[in-house]
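Engineer: query_16.cif is reproduced in full below (mmCIF, C-alpha atoms).
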data_protein
loop_
_atom_site.label_atom_id
_atom_site.label_comp_id
_atom_site.auth_asym_id
_atom_site.auth_seq_id
_atom_site.Cartn_x
_atom_site.Cartn_y
_atom_site.Cartn_z
CA MET A 2 52.76 30.49 -57.39
CA SER A 3 52.37 26.83 -58.10
CA THR A 4 49.32 24.89 -57.13
CA PHE A 5 49.82 21.30 -56.09
CA GLU A 6 46.97 18.83 -56.12
CA THR A 7 47.03 16.33 -53.32
CA ALA A 8 46.19 12.78 -54.35
CA ASP A 9 43.70 10.87 -52.23
CA PRO A 10 45.40 8.35 -49.96
CA PRO A 11 45.18 4.77 -51.23
CA GLU A 12 42.31 2.78 -49.78
CA GLN A 13 43.31 0.32 -47.13
CA ALA A 14 43.29 -3.31 -48.23
CA TRP A 15 43.89 -6.66 -46.55
CA LYS A 16 45.36 -9.82 -47.93
CA VAL A 17 43.41 -12.96 -47.18
CA GLY A 18 45.66 -14.04 -44.31
CA ALA A 19 45.49 -10.65 -42.60
CA LEU A 20 41.71 -10.51 -42.96
CA ALA A 21 41.36 -14.04 -41.60
CA ARG A 22 43.42 -13.16 -38.51
CA ALA A 23 41.54 -9.90 -37.92
CA ALA A 24 38.13 -11.56 -38.31
CA GLY A 25 38.92 -14.72 -36.34
CA LEU A 26 38.27 -16.94 -39.36
CA SER A 27 40.37 -19.41 -41.26
CA VAL A 28 41.89 -18.66 -44.64
CA ARG A 29 40.07 -21.75 -45.86
CA ALA A 30 36.71 -20.24 -44.84
CA LEU A 31 37.44 -17.03 -46.77
CA HIS A 32 38.51 -19.07 -49.80
CA TYR A 33 35.21 -20.96 -49.59
CA TYR A 34 33.21 -17.71 -49.32
CA ASP A 35 34.99 -16.57 -52.49
CA GLN A 36 34.31 -19.88 -54.21
CA ILE A 37 30.55 -19.75 -53.58
CA GLY A 38 30.33 -16.05 -54.41
CA LEU A 39 29.40 -14.96 -50.92
CA LEU A 40 32.45 -12.73 -50.35
CA ARG A 41 34.62 -12.05 -53.37
CA PRO A 42 37.66 -9.77 -52.94
CA SER A 43 37.34 -6.43 -54.66
CA ARG A 44 40.86 -6.52 -56.06
CA ARG A 45 43.82 -8.77 -56.66
CA THR A 46 47.51 -8.05 -56.72
CA ALA A 47 49.57 -8.33 -59.87
CA ALA A 48 50.51 -11.80 -58.66
CA GLY A 49 46.83 -12.76 -58.31
CA HIS A 50 46.60 -12.61 -54.51
CA ARG A 51 43.24 -11.61 -53.02
CA LEU A 52 42.86 -8.06 -51.67
CA TYR A 53 39.84 -7.07 -49.54
CA ASP A 54 38.80 -3.43 -49.06
CA GLY A 55 36.61 -1.69 -46.48
CA GLY A 56 33.42 -2.62 -48.31
CA ASP A 57 34.44 -6.27 -48.25
CA VAL A 58 35.05 -6.03 -44.50
CA ALA A 59 31.56 -4.55 -44.00
CA ARG A 60 30.06 -7.41 -46.00
CA LEU A 61 32.02 -9.94 -43.92
CA TYR A 62 30.57 -8.36 -40.77
CA ARG A 63 27.07 -8.83 -42.18
CA ILE A 64 27.83 -12.45 -43.06
CA SER A 65 29.18 -13.18 -39.58
CA LEU A 66 26.17 -11.54 -37.94
CA LEU A 67 23.69 -13.52 -40.04
CA ARG A 68 25.59 -16.73 -39.26
CA ARG A 69 25.21 -15.97 -35.55
CA LEU A 70 21.47 -15.54 -36.15
CA GLY A 71 21.30 -19.03 -37.62
CA PHE A 72 21.07 -18.31 -41.35
CA PRO A 73 22.64 -21.01 -43.57
CA LEU A 74 25.18 -19.81 -46.11
CA ASP A 75 22.91 -20.45 -49.09
CA GLN A 76 20.33 -18.03 -47.66
CA ILE A 77 22.76 -15.33 -46.52
CA ALA A 78 23.59 -14.32 -50.09
CA ALA A 79 19.91 -13.66 -50.85
CA VAL A 80 19.53 -11.57 -47.70
CA LEU A 81 22.63 -9.50 -48.45
CA GLU A 82 21.47 -8.75 -51.98
CA ASP A 83 18.19 -7.34 -50.65
CA PRO A 84 18.42 -3.54 -51.10
CA LYS A 85 16.35 -3.08 -47.93
CA TRP A 86 19.15 -4.58 -45.78
CA GLN A 87 20.42 -1.90 -43.41
CA LEU A 88 23.83 -2.18 -41.74
CA ALA A 89 22.88 0.41 -39.10
CA THR A 90 19.97 -1.72 -37.87
CA ALA A 91 22.16 -4.81 -37.75
CA VAL A 92 24.77 -2.94 -35.71
CA ASP A 93 22.06 -1.74 -33.29
CA ARG A 94 20.89 -5.32 -32.77
CA HIS A 95 24.48 -6.48 -32.26
CA LEU A 96 25.01 -3.63 -29.77
CA ASN A 97 21.91 -4.64 -27.80
CA HIS A 98 23.13 -8.23 -27.62
CA THR A 99 26.61 -7.15 -26.50
CA GLN A 100 25.20 -4.80 -23.86
CA HIS A 101 23.07 -7.68 -22.54
CA ARG A 102 26.17 -9.87 -22.18
CA ALA A 103 28.09 -7.00 -20.56
CA ALA A 104 25.33 -6.62 -17.97
CA ILE A 105 25.54 -10.33 -17.17
CA ALA A 106 29.33 -10.06 -16.84
CA ALA A 107 28.97 -7.06 -14.50
CA ARG A 108 26.55 -8.96 -12.24
CA LEU A 109 28.91 -11.93 -12.21
CA CYS A 110 31.82 -9.67 -11.18
CA THR A 111 29.75 -8.24 -8.32
CA ARG A 112 28.81 -11.72 -7.06
CA LEU A 113 32.39 -12.97 -7.28
CA ALA A 114 33.67 -9.91 -5.38
CA SER A 115 31.12 -10.54 -2.63
CA MET A 116 32.05 -14.21 -2.44
CA ALA A 117 35.77 -13.36 -2.34
CA ALA A 118 35.15 -10.96 0.56
CA GLU A 119 33.21 -13.61 2.48
CA LEU A 120 35.95 -16.19 1.90
CA ALA A 121 38.53 -13.66 3.12
CA ARG A 122 36.50 -13.48 6.36
CA GLN A 123 36.49 -17.32 6.37
CA ASP A 124 32.74 -17.34 5.70
CA ASN A 125 31.33 -19.79 3.19
CA PRO A 126 29.04 -18.40 0.46
CA SER A 127 25.44 -19.49 0.75
CA PRO A 128 24.00 -22.10 -1.65
CA GLU A 129 21.79 -19.35 -3.11
CA GLN A 130 24.87 -17.28 -3.96
CA LEU A 131 26.55 -20.27 -5.56
CA PHE A 132 23.46 -21.15 -7.61
CA SER A 133 23.09 -17.56 -8.81
CA THR A 134 26.75 -17.42 -9.78
CA LEU A 135 26.54 -20.73 -11.62
CA GLU A 136 23.48 -19.50 -13.52
CA GLU A 137 25.22 -16.32 -14.66
CA MET A 138 28.36 -18.26 -15.57
CA THR A 139 26.23 -20.50 -17.76
CA MET A 140 24.51 -17.51 -19.39
CA LEU A 141 27.84 -15.85 -20.11
CA ASP A 142 29.97 -18.85 -21.09
CA GLY A 143 27.50 -21.05 -22.93
CA THR A 144 28.28 -21.60 -26.60
CA ILE A 145 24.66 -20.83 -27.49
CA HIS A 146 23.48 -17.47 -26.17
CA SER A 147 20.11 -16.78 -27.78
CA THR A 148 17.74 -17.76 -30.54
CA THR A 149 15.85 -15.84 -33.19
CA GLY A 150 12.88 -17.54 -34.82
CA MET A 151 12.09 -16.65 -38.41
CA LEU A 152 8.63 -16.64 -40.00
CA VAL A 153 8.02 -15.81 -43.67
CA TYR A 154 5.20 -13.48 -44.75
CA ASP A 155 4.01 -11.97 -48.01
CA ASP A 156 3.09 -8.81 -46.12
CA THR A 157 5.33 -8.29 -43.09
CA ALA A 158 3.66 -4.98 -42.20
CA ALA A 159 0.21 -6.57 -41.86
CA ALA A 160 1.67 -9.61 -40.08
CA HIS A 161 3.54 -7.39 -37.61
CA ASP A 162 0.41 -5.39 -36.81
CA TYR A 163 -1.68 -8.55 -36.42
CA ILE A 164 0.77 -10.35 -34.12
CA VAL A 165 1.13 -7.30 -31.88
CA ARG A 166 -2.59 -6.48 -31.81
CA VAL A 167 -4.07 -9.99 -31.57
CA PHE A 168 -1.41 -12.02 -29.74
CA GLY A 169 0.04 -9.18 -27.65
CA LEU A 170 3.68 -9.58 -28.61
CA THR A 171 5.99 -6.59 -28.31
CA PRO A 172 6.84 -4.71 -31.51
CA GLY A 173 10.51 -4.73 -32.50
CA PRO A 174 12.72 -2.85 -34.97
CA VAL A 175 12.10 -2.54 -38.70
CA GLN A 176 14.83 -2.70 -41.35
CA GLY A 177 14.17 -0.27 -44.18
CA ASP A 178 11.05 1.74 -44.96
CA ALA A 179 8.60 1.40 -42.07
CA VAL A 180 5.59 1.48 -44.44
CA ASP A 181 6.94 -1.12 -46.87
CA HIS A 182 5.17 -4.47 -46.66
CA ALA A 183 8.28 -6.35 -47.84
CA VAL A 184 10.95 -5.45 -45.29
CA TYR A 185 12.29 -7.43 -42.36
CA ARG A 186 10.54 -6.78 -39.03
CA GLU A 187 10.76 -8.18 -35.53
CA VAL A 188 8.45 -8.92 -32.64
CA ARG A 189 9.45 -10.08 -29.19
CA ALA A 190 8.06 -12.64 -26.80
CA GLY A 191 9.77 -11.77 -23.53
CA ASP A 192 13.51 -11.93 -24.25
CA GLN A 193 13.04 -14.00 -27.40
CA VAL A 194 13.10 -12.45 -30.87
CA ILE A 195 10.87 -13.57 -33.75
CA GLY A 196 11.85 -12.23 -37.15
CA LEU A 197 9.20 -11.60 -39.81
CA HIS A 198 11.03 -12.24 -43.07
CA PRO A 199 9.59 -11.06 -46.40
CA ALA A 200 8.76 -13.80 -48.89
CA ALA A 201 11.31 -14.23 -51.68
CA ALA A 202 12.84 -16.93 -53.86
CA GLY A 203 13.12 -19.97 -51.60
CA PHE A 204 11.05 -18.36 -48.83
CA GLN A 205 7.26 -18.76 -48.92
CA SER A 206 4.43 -17.87 -46.62
CA PRO A 207 2.07 -20.72 -45.64
CA ARG A 208 -0.64 -18.80 -47.49
CA SER A 209 1.32 -19.07 -50.74
CA LEU A 210 2.77 -22.50 -50.04
CA GLY A 211 -0.55 -24.05 -49.05
CA ALA A 212 0.97 -25.79 -46.03
CA VAL A 213 2.56 -25.11 -42.66
CA THR A 214 5.96 -26.65 -41.96
CA GLY A 215 6.41 -25.43 -38.39
CA MET A 216 4.82 -23.63 -35.48
CA THR A 217 5.70 -21.04 -32.86
CA VAL A 218 5.12 -22.00 -29.21
CA ILE A 219 5.09 -19.27 -26.56
CA ALA A 220 4.82 -19.55 -22.78
CA VAL A 221 2.37 -17.11 -21.16
CA ALA A 222 1.32 -16.47 -17.57
CA ASP A 223 -2.26 -17.71 -18.02
CA ALA A 224 -3.28 -19.59 -21.18
CA ASP A 225 -7.01 -19.04 -20.58
CA ALA A 226 -6.65 -15.29 -20.07
CA HIS A 227 -4.45 -15.03 -23.15
CA TYR A 228 -6.97 -17.09 -25.12
CA ALA A 229 -9.81 -14.75 -24.11
CA ARG A 230 -7.73 -11.74 -25.16
CA SER A 231 -6.87 -13.27 -28.54
CA VAL A 232 -10.48 -14.25 -29.24
CA GLN A 233 -11.67 -10.74 -28.44
CA ALA A 234 -9.04 -9.36 -30.85
CA GLY A 235 -10.28 -11.62 -33.65
CA ALA A 236 -7.88 -14.58 -33.57
CA GLN A 237 -8.61 -17.65 -35.70
CA ILE A 238 -8.57 -20.42 -33.12
CA VAL A 239 -7.56 -23.91 -34.23
CA GLU A 240 -7.51 -25.55 -30.80
CA GLU A 241 -9.42 -24.51 -27.69
CA PRO A 242 -7.52 -24.39 -24.36
CA VAL A 243 -6.82 -27.95 -23.23
CA ASP A 244 -4.86 -29.62 -20.44
CA GLN A 245 -2.01 -31.68 -21.84
CA PRO A 246 -0.63 -34.82 -20.13
CA TYR A 247 2.85 -33.27 -20.07
CA GLY A 248 1.83 -30.61 -17.55
CA ILE A 249 0.71 -27.58 -19.54
CA ARG A 250 -2.55 -25.99 -20.67
CA GLU A 251 -2.43 -24.64 -24.20
CA TYR A 252 -4.43 -23.39 -27.16
CA GLY A 253 -3.62 -22.88 -30.81
CA ALA A 254 -4.36 -20.18 -33.39
CA ARG A 255 -3.52 -19.22 -36.97
CA ASP A 256 -2.49 -15.75 -37.99
CA LEU A 257 -3.59 -13.89 -41.09
CA GLU A 258 -1.19 -15.79 -43.40
CA GLY A 259 -1.69 -19.23 -41.84
CA GLN A 260 1.29 -19.45 -39.48
CA LEU A 261 0.49 -21.64 -36.47
CA TRP A 262 0.90 -20.24 -32.96
CA PHE A 263 0.46 -22.13 -29.67
CA PHE A 264 0.34 -20.46 -26.26
CA HIS A 265 0.66 -22.40 -23.01
CA SER A 266 1.05 -22.04 -19.28
CA PRO A 267 1.96 -24.66 -16.63
CA LEU A 268 -0.80 -26.60 -14.92
CA GLY A 269 -1.26 -26.14 -11.20
#
Take the structure from the file and write it as structure tokens.
Structural biologist:
Amino acid sequence: MSTFETADPPEQAWKVGALARAAGLSVRALHYYDQIGLLRPSRRTAAGHRLYDGGDVARLYRISLLRRLGFPLDQIAAVLEDPKWQLATAVDRHLNHTQHRAAIAARLCTRLASMAAELARQDNPSPEQLFSTLEEMTMLDGTIHSTTGMLVYDDTAAAHDYIVRVFGLTPGPVQGDAVDHAVYREVRAGDQVIGLHPAAAGFQSPRSLGAVTGMTVIAVADADAHYARSVQAGAQIVEEPVDQPYGIREYGARDLEGQLWFFHSPLG
């Protein structure tokens, strides 16, 4: 009786034009990614044409996701080469964002159905209904949907604990080993995400740099109450609560690596 060995099926591959169409990119963009070393095809045909495999597609997904988060191309390569980068965490974040947009779309459908029913009865929708619908249309259709701030730390674990404990922000997901001080972490201020990025080549904490080049400003319900909470938790205050001429009351603090934080609430 003969035994036949079954060869593994050939791995699927895409030419540059097919990948561009599937990914919603231009062939020129993929050529540029190849040129700068960001996404090089794994193989080429005998005629020299680019062939991309499943691993290349996964890397392109990561690139596209980081672009949506605001990373410039020259920084994306460094992030992707970090062994702590986890595709599963990135997909979870993408899923959360998509579910948020789906919820907005569902609310918009409900409002439009209600308005259509009222118009069928020859009733005019109320201004409140129209304003709510316009707001959700803007949230769904705007070209900019969200923002993620990025702060660089030598020790992201200590920074994460400090920001949550002292400033009261909500802890977010961790990419990689939860006890590692040099992995990407997140905190949240309401719906806004603030990423805590580990220091690396081209990324320095204010403590290492010796200077601050930006600040994080967060709206709170009561600046004085938040100030009292932060002081009790050991915050380093750089500016006491003060009324500003542009209609807010705010105070400022530094965290354990020198990042500047300002918290404000509206006057009156």
Engineer: What's the 8 Å shell around Ala160 in chain A, counting only C-alpha atoms, without same-chain residues fewer than 6 positions away, as a PDB file with C-alpha atoms, in the frame of the given file?
Structural biologist:
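out39.pdb written:
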ATOM      1  CA  TYR A 154       5.200 -13.480 -44.750  1.00  0.00           C
ATOM      2  CA  LEU A 197       9.200 -11.600 -39.810  1.00  0.00           C
ATOM      3  CA  ASP A 256      -2.490 -15.750 -37.990  1.00  0.00           C
ATOM      4  CA  LEU A 257      -3.590 -13.890 -41.090  1.00  0.00           C
ATOM      5  CA  GLU A 258      -1.190 -15.790 -43.400  1.00  0.00           C
TER       6      GLU A 258
END
Engineer: Taking 4 positions as the minimum chain separation for residues in the same chain, which residues sit within 10 Å of Arg230 in chain A when counting all atoms listed in the file? Answer as a list of chain:residue names.
Structural biologist: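 Counting all atoms listed in the file, the residues come to A:Arg166, A:Val167, A:Phe168, A:Gly169, A:Ala224, A:Asp225, A:Ala226, A:Ala234, A:Gly235, A:Ala236.
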Engineer: Skip Leu261 in chain A itself and residues of its chain fewer than 3 positions away, then list as a list in words all residues within 9 Å of it, counting all atoms listed in the file.
Structural biologist: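 Residues near the query, excluding close chain neighbours: Val213, Gly215, Met216, Thr217, Val218, Val239, Gly253, Ala254, Arg255 and Asp256 of chain A.
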Engineer: Pick from A:Val221, A:Arg108, A:Arg41, A:Gln245: nearest to His265 in chain A, with all atoms listed in the file counted?
Structural biologist: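 Checking each candidate against His265 in chain A, we get A:Val221 as the closest.
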Engineer: Could you please determine the separation between CA of Gln13 in chain A and CA of Ala48 in chain A in Å, to one decimal place?
Structural biologist: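 CA of Gln13 in chain A sits 18.2 Å away from CA of Ala48 in chain A.
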Engineer: Suppose you want the space between CA of Thr99 in chain A and CA of Pro172 in chain A; what is it in Å?
Structural biologist: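 Taking CA of Thr99 in chain A as the start and CA of Pro172 in chain A as the end point, the length is 20.5 Å.
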Engineer: Starting from the shown file, work through the PyMOL selection byres ((chain A and resi 186-195) around 7) and note down what comes out as an NGL selection string.
Structural biologist: :A and (148-151 or 157 or 170-176 or 184-185 or 196-198)
Engineer: Which residues come within 7 Å of range 205-207 of chain A, counting all atoms listed in the file, excluding same-chain residues fewer than 4 positions away, as an mmCIF file with C-alpha atoms, in the frame of the given file?
Structural biologist:
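around-v2.cif, freshly written:
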data_model
loop_
_atom_site.group_PDB
_atom_site.id
_atom_site.type_symbol
_atom_site.label_atom_id
_atom_site.label_comp_id
_atom_site.auth_asym_id
_atom_site.auth_seq_id
_atom_site.Cartn_x
_atom_site.Cartn_y
_atom_site.Cartn_z
ATOM 1 C CA VAL A 153 8.020 -15.810 -43.670
ATOM 2 C CA TYR A 154 5.200 -13.480 -44.750
ATOM 3 C CA ASP A 155 4.010 -11.970 -48.010
ATOM 4 C CA ALA A 200 8.760 -13.800 -48.890
ATOM 5 C CA ALA A 201 11.310 -14.230 -51.680
ATOM 6 C CA GLY A 211 -0.550 -24.050 -49.050
ATOM 7 C CA ALA A 212 0.970 -25.790 -46.030
ATOM 8 C CA VAL A 213 2.560 -25.110 -42.660
ATOM 9 C CA GLU A 258 -1.190 -15.790 -43.400
ATOM 10 C CA GLY A 259 -1.690 -19.230 -41.840
ATOM 11 C CA GLN A 260 1.290 -19.450 -39.480
#
Engineer: Work out where the centre of an axis-aligned box around every listed atom of range 33-40 of chain A lies and how long its edges are once 5 Å is added on each side; give both in Å to one decimal as lines of an AutoDock Vina configuration file.
Structural biologist:
center_x = 32.3
center_y = -16.8
center_z = -51.9
size_x = 15.8
size_y = 18.2
size_z = 15.1
Engineer: Report the distance between CA of Gln123 in chain A and CA of Cys110 in chain A in Å, rounded to one decimal place.
Structural biologist: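 Interatomic distance, CA of Gln123 in chain A to CA of Cys110 in chain A: 19.7 Å.
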Engineer: Please expand the PyMOL selection byres ((chain A and resi 60) around 12) into the concrete residues it hits in this file, giving the result as a PyMOL selection string.
Structural biologist: chain A and resi 24+34+39-43+53-59+61-67+77-78+80-82+86-88+91
Engineer: Calculated over all atoms listed in the file, which of the candidates A:Ala14, A:Ala107, A:Ala158, A:Ala202 has the smallest distance to Gln76 in chain A?
Structural biologist: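 So, comparing all the options, the nearest one is A:Ala202.
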